[in-house]
$ cat target-v4.txt   # compact mmCIF, C-alpha atoms and all ligand atoms
# COMPACT_ATOMS: atom_id res chain seq x y z
CA MET A 1 93.58 110.28 98.86
CA ASP A 2 91.09 107.72 97.59
CA GLU A 3 92.00 104.68 95.49
CA THR A 4 90.96 106.28 92.19
CA GLU A 5 93.31 109.19 92.78
CA ARG A 6 96.07 106.77 93.81
CA VAL A 7 95.78 104.87 90.52
CA ALA A 8 95.69 108.10 88.51
CA SER A 9 98.92 109.26 90.15
CA TYR A 10 100.61 106.03 89.11
CA GLU A 11 100.81 107.44 85.60
CA GLU A 12 103.42 109.87 86.87
CA ILE A 13 105.61 107.63 89.00
CA GLU A 14 107.08 105.07 86.65
CA LEU A 15 110.59 106.42 87.28
CA GLY A 16 110.02 106.26 91.02
CA GLN A 17 108.81 102.69 90.65
CA LEU A 18 111.91 101.66 88.74
CA ALA A 19 114.13 103.42 91.28
CA THR A 20 112.44 101.61 94.17
CA GLY A 21 112.74 98.32 92.33
CA LEU A 22 116.43 98.98 91.68
CA ALA A 23 116.98 99.77 95.37
CA ALA A 24 115.37 96.43 96.29
CA HIS A 25 117.55 94.67 93.72
CA LEU A 26 120.71 96.26 95.15
CA SER A 27 119.63 95.36 98.68
CA ARG A 28 119.22 91.72 97.67
CA ALA A 29 122.61 91.79 95.97
CA ARG A 30 124.19 93.17 99.15
CA ARG A 31 122.58 90.39 101.19
CA ARG A 32 124.14 87.90 98.77
CA GLY A 33 127.55 89.40 99.56
CA VAL A 34 127.98 91.42 96.34
CA LYS A 35 130.06 94.47 97.26
CA ARG A 36 130.40 96.17 93.89
CA LEU A 37 128.26 95.96 90.80
CA ALA A 38 130.11 96.30 87.53
CA ALA A 39 128.70 98.96 85.25
CA ARG A 40 127.15 97.72 82.06
CA PRO A 41 125.46 99.52 79.19
CA ALA A 42 121.77 100.20 79.56
CA PRO A 43 119.93 97.45 77.68
CA ALA A 44 118.09 98.43 74.55
CA VAL A 45 114.40 97.72 74.27
CA SER A 46 115.21 94.92 71.90
CA ALA A 47 117.88 93.46 74.22
CA GLY A 48 118.01 89.75 74.93
CA PRO A 49 115.70 87.81 77.16
CA ARG A 50 117.53 88.72 80.42
CA ALA A 51 117.18 92.49 80.00
CA VAL A 52 116.15 94.02 83.33
CA VAL A 53 114.98 97.54 82.65
CA ALA A 54 114.31 97.51 78.92
CA THR A 55 110.82 98.97 79.09
CA PRO A 56 108.83 98.89 75.88
CA GLN A 57 107.40 102.28 75.06
CA ALA A 58 103.69 102.80 74.62
CA PRO A 59 102.86 103.28 70.94
CA ARG A 60 102.76 106.91 69.85
CA HIS A 61 99.35 108.37 69.05
CA ALA A 62 97.69 105.48 70.91
CA ALA A 63 94.84 105.97 73.39
CA PRO A 64 96.03 106.84 76.92
CA GLU A 65 97.40 103.78 78.63
CA GLY A 66 95.50 102.51 81.69
CA PRO A 67 97.36 101.46 84.85
CA ASP A 68 96.65 97.78 84.23
CA GLU A 69 98.03 98.12 80.70
CA ARG A 70 101.05 99.94 82.12
CA ILE A 71 101.75 97.02 84.46
CA ARG A 72 101.41 94.48 81.64
CA ARG A 73 103.82 96.52 79.51
CA LEU A 74 106.35 96.79 82.33
CA ALA A 75 105.98 93.09 83.14
CA SER A 76 106.53 92.10 79.52
CA ALA A 77 109.97 93.78 79.66
CA ALA A 78 111.14 91.38 82.39
CA GLY A 79 113.06 88.54 80.79
CA ASP A 80 113.35 86.45 83.94
CA LEU A 81 111.76 86.04 87.35
CA GLU A 82 114.41 88.07 89.19
CA SER A 83 113.86 91.05 86.91
CA LEU A 84 110.11 90.73 87.35
CA ALA A 85 110.48 90.55 91.15
CA THR A 86 112.54 93.76 91.04
CA LEU A 87 109.75 95.56 89.19
CA VAL A 88 107.09 94.18 91.54
CA ALA A 89 109.10 95.36 94.57
CA GLY A 90 108.72 98.92 93.30
CA CYS A 91 105.05 98.68 92.37
CA GLU A 92 102.79 101.38 93.80
CA ALA A 93 99.86 100.88 91.47
CA CYS A 94 97.26 100.35 94.18
CA SER A 95 96.83 101.48 97.75
CA LEU A 96 98.14 98.20 99.19
CA CYS A 97 101.66 99.55 98.68
CA GLN A 98 100.96 101.92 101.58
CA THR A 99 100.26 99.19 104.13
CA ARG A 100 102.54 96.33 103.04
CA SER A 101 105.80 95.54 104.83
CA GLN A 102 107.18 94.23 101.56
CA THR A 103 105.97 92.61 98.37
CA VAL A 104 105.58 88.83 98.32
CA PHE A 105 106.57 87.84 94.82
CA GLY A 106 106.57 84.04 94.96
CA GLU A 107 109.18 81.31 95.05
CA GLY A 108 110.08 77.89 93.81
CA HIS A 109 111.61 76.17 90.84
CA PRO A 110 111.87 78.68 87.97
CA LYS A 111 110.74 76.03 85.49
CA ALA A 112 108.33 74.11 87.70
CA ARG A 113 105.81 71.85 85.98
CA VAL A 114 103.20 72.63 88.64
CA MET A 115 102.39 76.07 90.02
CA PHE A 116 100.17 76.80 93.02
CA VAL A 117 98.37 80.15 93.00
CA GLY A 118 96.78 81.54 96.15
CA GLU A 119 94.82 84.71 96.71
CA ALA A 120 97.06 87.14 98.60
CA PRO A 121 99.78 87.27 101.27
CA GLY A 122 98.69 87.18 104.89
CA PHE A 123 100.32 88.45 108.09
CA HIS A 124 103.25 86.01 108.18
CA GLU A 125 103.87 86.24 104.43
CA ASP A 126 103.98 90.03 104.63
CA ARG A 127 106.56 89.84 107.43
CA LEU A 128 108.78 87.24 105.78
CA GLY A 129 108.29 88.13 102.11
CA ARG A 130 107.49 84.51 101.25
CA PRO A 131 104.23 82.92 100.10
CA PHE A 132 102.35 80.35 102.18
CA VAL A 133 104.21 80.35 105.46
CA GLY A 134 102.48 80.04 108.83
CA ASP A 135 99.80 77.43 109.50
CA ALA A 136 98.32 77.41 105.98
CA GLY A 137 101.82 77.15 104.57
CA GLY A 138 102.48 74.16 106.79
CA MET A 139 99.40 72.46 105.38
CA LEU A 140 100.54 73.23 101.82
CA ASP A 141 103.96 71.80 102.68
CA ARG A 142 102.29 68.57 103.84
CA ILE A 143 100.28 68.40 100.59
CA ILE A 144 103.50 68.77 98.61
CA THR A 145 105.72 66.41 100.60
CA LYS A 146 103.30 63.74 101.80
CA GLY A 147 100.66 63.96 99.07
CA MET A 148 102.80 64.63 96.01
CA GLY A 149 106.07 63.14 97.20
CA LEU A 150 107.92 66.29 96.17
CA ALA A 151 109.83 69.09 97.88
CA ARG A 152 108.57 72.65 98.04
CA GLY A 153 111.44 73.73 95.80
CA ASP A 154 110.28 71.39 93.03
CA LEU A 155 107.15 73.51 92.49
CA TYR A 156 106.34 77.19 92.16
CA ILE A 157 104.13 79.05 94.64
CA ALA A 158 102.64 82.52 94.09
CA ASN A 159 99.58 84.63 94.80
CA ILE A 160 97.33 86.78 92.66
CA LEU A 161 98.18 89.83 94.78
CA LYS A 162 101.76 90.60 95.67
CA CYS A 163 100.86 92.79 98.68
CA ARG A 164 98.88 91.94 101.79
CA PRO A 165 95.38 93.43 102.08
CA PRO A 166 94.96 95.00 105.54
CA GLU A 167 93.38 92.65 108.10
CA ASN A 168 93.47 89.94 105.43
CA ARG A 169 90.31 91.31 103.80
CA ASP A 170 89.30 90.00 100.38
CA PRO A 171 91.17 91.70 97.52
CA SER A 172 89.09 94.28 95.64
CA ALA A 173 88.30 93.83 91.96
CA LEU A 174 90.58 96.79 91.15
CA GLU A 175 93.52 95.33 93.08
CA LYS A 176 93.14 92.01 91.26
CA THR A 177 92.82 93.70 87.87
CA LEU A 178 96.01 95.66 88.43
CA CYS A 179 98.12 92.96 90.02
CA THR A 180 97.18 90.22 87.61
CA GLY A 181 99.58 91.66 85.02
CA TRP A 182 102.49 90.67 87.27
CA LEU A 183 101.04 87.19 87.82
CA GLN A 184 100.41 86.63 84.11
CA ARG A 185 104.05 87.36 83.30
CA GLN A 186 105.14 85.17 86.22
CA ILE A 187 103.12 82.30 84.77
CA GLU A 188 104.57 82.93 81.30
CA LEU A 189 108.13 82.81 82.66
CA VAL A 190 107.66 79.67 84.77
CA ASN A 191 105.47 78.15 82.06
CA PRO A 192 104.00 75.33 84.19
CA GLU A 193 102.01 72.51 82.66
CA VAL A 194 99.42 72.65 85.42
CA LEU A 195 98.13 75.52 87.55
CA ILE A 196 96.53 74.67 90.89
CA PRO A 197 94.53 77.63 92.21
CA LEU A 198 94.02 77.35 95.96
CA GLY A 199 90.55 78.36 97.07
CA ARG A 200 87.52 79.95 95.47
CA HIS A 201 88.99 83.41 94.93
CA ALA A 202 92.10 82.18 93.13
CA ALA A 203 90.14 79.61 91.10
CA GLY A 204 87.47 82.15 90.12
CA HIS A 205 90.12 84.68 89.10
CA LEU A 206 92.12 82.27 86.94
CA LEU A 207 89.00 80.76 85.37
CA GLN A 208 87.29 84.16 85.04
CA ARG A 209 84.07 82.98 86.65
CA ASP A 210 82.19 83.66 89.83
CA ASP A 211 81.23 80.22 91.07
CA SER A 212 81.34 78.07 94.15
CA MET A 213 84.37 75.92 94.82
CA GLY A 214 82.15 72.85 94.49
CA LYS A 215 81.37 73.77 90.87
CA MET A 216 84.95 74.62 89.91
CA ARG A 217 86.92 71.76 91.50
CA ALA A 218 86.90 68.02 90.71
CA ARG A 219 87.77 68.58 87.06
CA VAL A 220 90.53 69.75 84.75
CA HIS A 221 89.87 73.08 83.03
CA HIS A 222 91.63 74.08 79.84
CA LEU A 223 92.18 77.80 79.41
CA ALA A 224 94.60 79.65 77.13
CA GLY A 225 96.60 76.50 76.57
CA ARG A 226 96.99 75.68 80.25
CA LYS A 227 95.50 73.03 82.49
CA ILE A 228 93.91 74.39 85.64
CA VAL A 229 92.99 72.06 88.51
CA PRO A 230 91.40 74.00 91.39
CA THR A 231 91.42 72.71 94.93
CA TYR A 232 90.67 73.95 98.42
CA HIS A 233 92.76 76.60 100.15
CA PRO A 234 95.03 75.09 102.83
CA ALA A 235 93.46 77.38 105.45
CA TYR A 236 90.06 75.85 104.62
CA LEU A 237 91.51 72.37 105.04
CA LEU A 238 92.73 73.36 108.52
CA ARG A 239 89.18 74.39 109.42
CA THR A 240 87.52 71.50 107.58
CA PRO A 241 89.65 68.35 107.81
CA SER A 242 86.90 66.31 106.13
CA ALA A 243 87.71 68.15 102.85
CA LYS A 244 91.24 66.72 102.77
CA LYS A 245 90.15 63.59 100.91
CA ASP A 246 88.69 65.71 98.10
CA CYS A 247 91.84 67.82 98.02
CA TRP A 248 93.88 64.65 97.69
CA LYS A 249 91.76 63.62 94.67
CA ASP A 250 92.38 67.05 93.12
CA ILE A 251 96.12 66.72 93.66
CA GLN A 252 96.12 63.24 92.10
CA ARG A 253 94.17 64.69 89.15
CA ALA A 254 96.74 67.45 88.74
CA MET A 255 99.68 65.05 88.95
CA ALA A 256 98.08 62.81 86.32
CA GLU A 257 98.01 65.80 83.97
CA VAL A 258 101.72 66.39 84.55
CA ASP A 259 102.57 62.77 83.99
CA GLY A 260 100.30 62.47 80.96
S1 LIG B 1 99.02 94.59 95.21
FE1 LIG B 1 99.98 94.37 93.18
S2 LIG B 1 99.25 96.18 92.02
FE2 LIG B 1 98.92 96.63 94.21
S3 LIG B 1 100.81 97.71 94.86
FE3 LIG B 1 101.09 95.51 95.31
S4 LIG B 1 102.18 94.71 93.52
FE4 LIG B 1 101.27 96.67 92.91

$ encode --input "target-v4.txt" --output "structure tokens"
Amino acid sequence: MDETERVASYEEIELGQLATGLAAHLSRARRRGVKRLAARPAPAVSAGPRAVVATPQAPRHAAPEGPDERIRRLASAAGDLESLATLVAGCEACSLCQTRSQTVFGEGHPKARVMFVGEAPGFHEDRLGRPFVGDAGGMLDRIITKGMGLARGDLYIANILKCRPPENRDPSALEKTLCTGWLQRQIELVNPEVLIPLGRHAAGHLLQRDDSMGKMRARVHHLAGRKIVPTYHPAYLLRTPSAKKDCWKDIQRAMAEVDG
């Protein structure tokens, strides 16, 4: 089955997606020691902000909904990060669902003032279900603790894609188009003052431009009411230690925007 067919079939599997997401939710609850979940009435579409499965319906007589629109609609129903993570855990919108070990949603302070956004999970992230672990994660930890004087839990860390591309290849345009609906809702819910895209792919995606890192970094961008301060990917800093001083300037620039 090619990728086009895979996306087309997604139109028919929304119930399966919700069921998978619910199974992941129950599994997490069991790991937290919850033995029995009390029944509660199914939330209405207009339920409060913490509704989990209140899925807005597509307008009647509207043009057929595309898979990216379907994801944005599902994401908009999530009133908090846990609900959104449950939906993401059941996502099968692109072929990466077939090769992932698990989704890597993101982690950190739910109301962080600064949010890092990388490109996609790698090998270690796919195994552990956490963003930026392994060597690149260690470098990001040093940026946060030594450079910013903060703890990892003070910030929020996510990726554009929630599933690992095989062999760590670059994400395809289709994968980014589909998965960005989850990220957009994640950004809305955290509502950070400053976004720091890590590396050219993440910066280009958030800024909607195809440019070199040199042209995108070293300045504060303003887009859709948010401040975006791109810097180098931690993996690049491991390969190119001479770029650390520029990264440090970017981080200082970002922190000045938070403090300002
Ligand atoms: S990469 Fe994103 S769109 Fe594709 S299956 Fe994973 S969560 Fe869904």

$ closest_residue --input "target-v4.txt" --among "A:Asp135, A:Asp154, A:Asp141, A:Asp126" --to "ligand LIG 1 (chain B)" --atoms "all atoms listed in the file"
A:Asp126

$ closest_residue --input "target-v4.txt" --among "A:Lys245, A:Arg164, A:Arg226, A:His205" --to "Arg100 (chain A)" --atoms "only C-alpha atoms"
A:Arg164

$ residues_near_ligand --input "target-v4.txt" --ligand "ligand LIG 1 (chain B)" --cutoff "10 Å" --atoms "all atoms listed in the file" --output "number ranges by chain"
A: 7, 17, 67-68, 71, 85, 87-100, 102-105, 120-121, 159-165, 171-172, 174-183

$ atom_distance --input "target-v4.txt" --atom1 "CA of Ala75 (chain A)" --atom2 "CA of Gln184 (chain A)"
8.6 Å

$ residues_around --input "target-v4.txt" --residues "Gly137 (chain A)" --least-positions-apart "3" --cutoff "12 Å" --atoms "all atoms listed in the file" --output "PDB file with C-alpha atoms, in the coordinates of the input"
ATOM      1  CA  PHE A 116     100.170  76.800  93.020  1.00  0.00           C
ATOM      2  CA  GLY A 118      96.780  81.540  96.150  1.00  0.00           C
ATOM      3  CA  PRO A 121      99.780  87.270 101.270  1.00  0.00           C
ATOM      4  CA  GLY A 122      98.690  87.180 104.890  1.00  0.00           C
ATOM      5  CA  PHE A 123     100.320  88.450 108.090  1.00  0.00           C
ATOM      6  CA  HIS A 124     103.250  86.010 108.180  1.00  0.00           C
ATOM      7  CA  GLU A 125     103.870  86.240 104.430  1.00  0.00           C
ATOM      8  CA  ARG A 130     107.490  84.510 101.250  1.00  0.00           C
ATOM      9  CA  PRO A 131     104.230  82.920 100.100  1.00  0.00           C
ATOM     10  CA  PHE A 132     102.350  80.350 102.180  1.00  0.00           C
ATOM     11  CA  VAL A 133     104.210  80.350 105.460  1.00  0.00           C
ATOM     12  CA  GLY A 134     102.480  80.040 108.830  1.00  0.00           C
ATOM     13  CA  LEU A 140     100.540  73.230 101.820  1.00  0.00           C
ATOM     14  CA  ASP A 141     103.960  71.800 102.680  1.00  0.00           C
ATOM     15  CA  ARG A 142     102.290  68.570 103.840  1.00  0.00           C
ATOM     16  CA  ILE A 143     100.280  68.400 100.590  1.00  0.00           C
ATOM     17  CA  ILE A 144     103.500  68.770  98.610  1.00  0.00           C
ATOM     18  CA  ARG A 152     108.570  72.650  98.040  1.00  0.00           C
ATOM     19  CA  ILE A 157     104.130  79.050  94.640  1.00  0.00           C
ATOM     20  CA  ALA A 158     102.640  82.520  94.090  1.00  0.00           C
ATOM     21  CA  LEU A 198      94.020  77.350  95.960  1.00  0.00           C
ATOM     22  CA  HIS A 233      92.760  76.600 100.150  1.00  0.00           C
ATOM     23  CA  PRO A 234      95.030  75.090 102.830  1.00  0.00           C
ATOM     24  CA  ALA A 235      93.460  77.380 105.450  1.00  0.00           C
ATOM     25  CA  TYR A 236      90.060  75.850 104.620  1.00  0.00           C
ATOM     26  CA  LEU A 237      91.510  72.370 105.040  1.00  0.00           C
ATOM     27  CA  LEU A 238      92.730  73.360 108.520  1.00  0.00           C
TER      28      LEU A 238
END

$ atom_distance --input "target-v4.txt" --atom1 "CA of Leu84 (chain A)" --atom2 "CA of Met255 (chain A)"
27.8 Å

$ closest_residue --input "target-v4.txt" --among "A:Gly225, A:Ala63, A:Arg219, A:Ser76" --to "Lys249 (chain A)" --atoms "only C-alpha atoms"
A:Arg219

$ residues_around --input "target-v4.txt" --residues "Val114 (chain A)" --least-positions-apart "5" --cutoff "12 Å" --atoms "only C-alpha atoms" --output "ChimeraX atom specification"
/A:108-109,144,148,150-158,187,190-197,226-229,251,254-259

$ atom_distance --input "target-v4.txt" --atom1 "CA of Glu119 (chain A)" --atom2 "CA of Thr240 (chain A)"
18.6 Å

$ closest_residue --input "target-v4.txt" --among "A:Gly79, A:Gly129, A:Leu189, A:Tyr232" --to "Arg113 (chain A)" --atoms "all atoms listed in the file"
A:Leu189
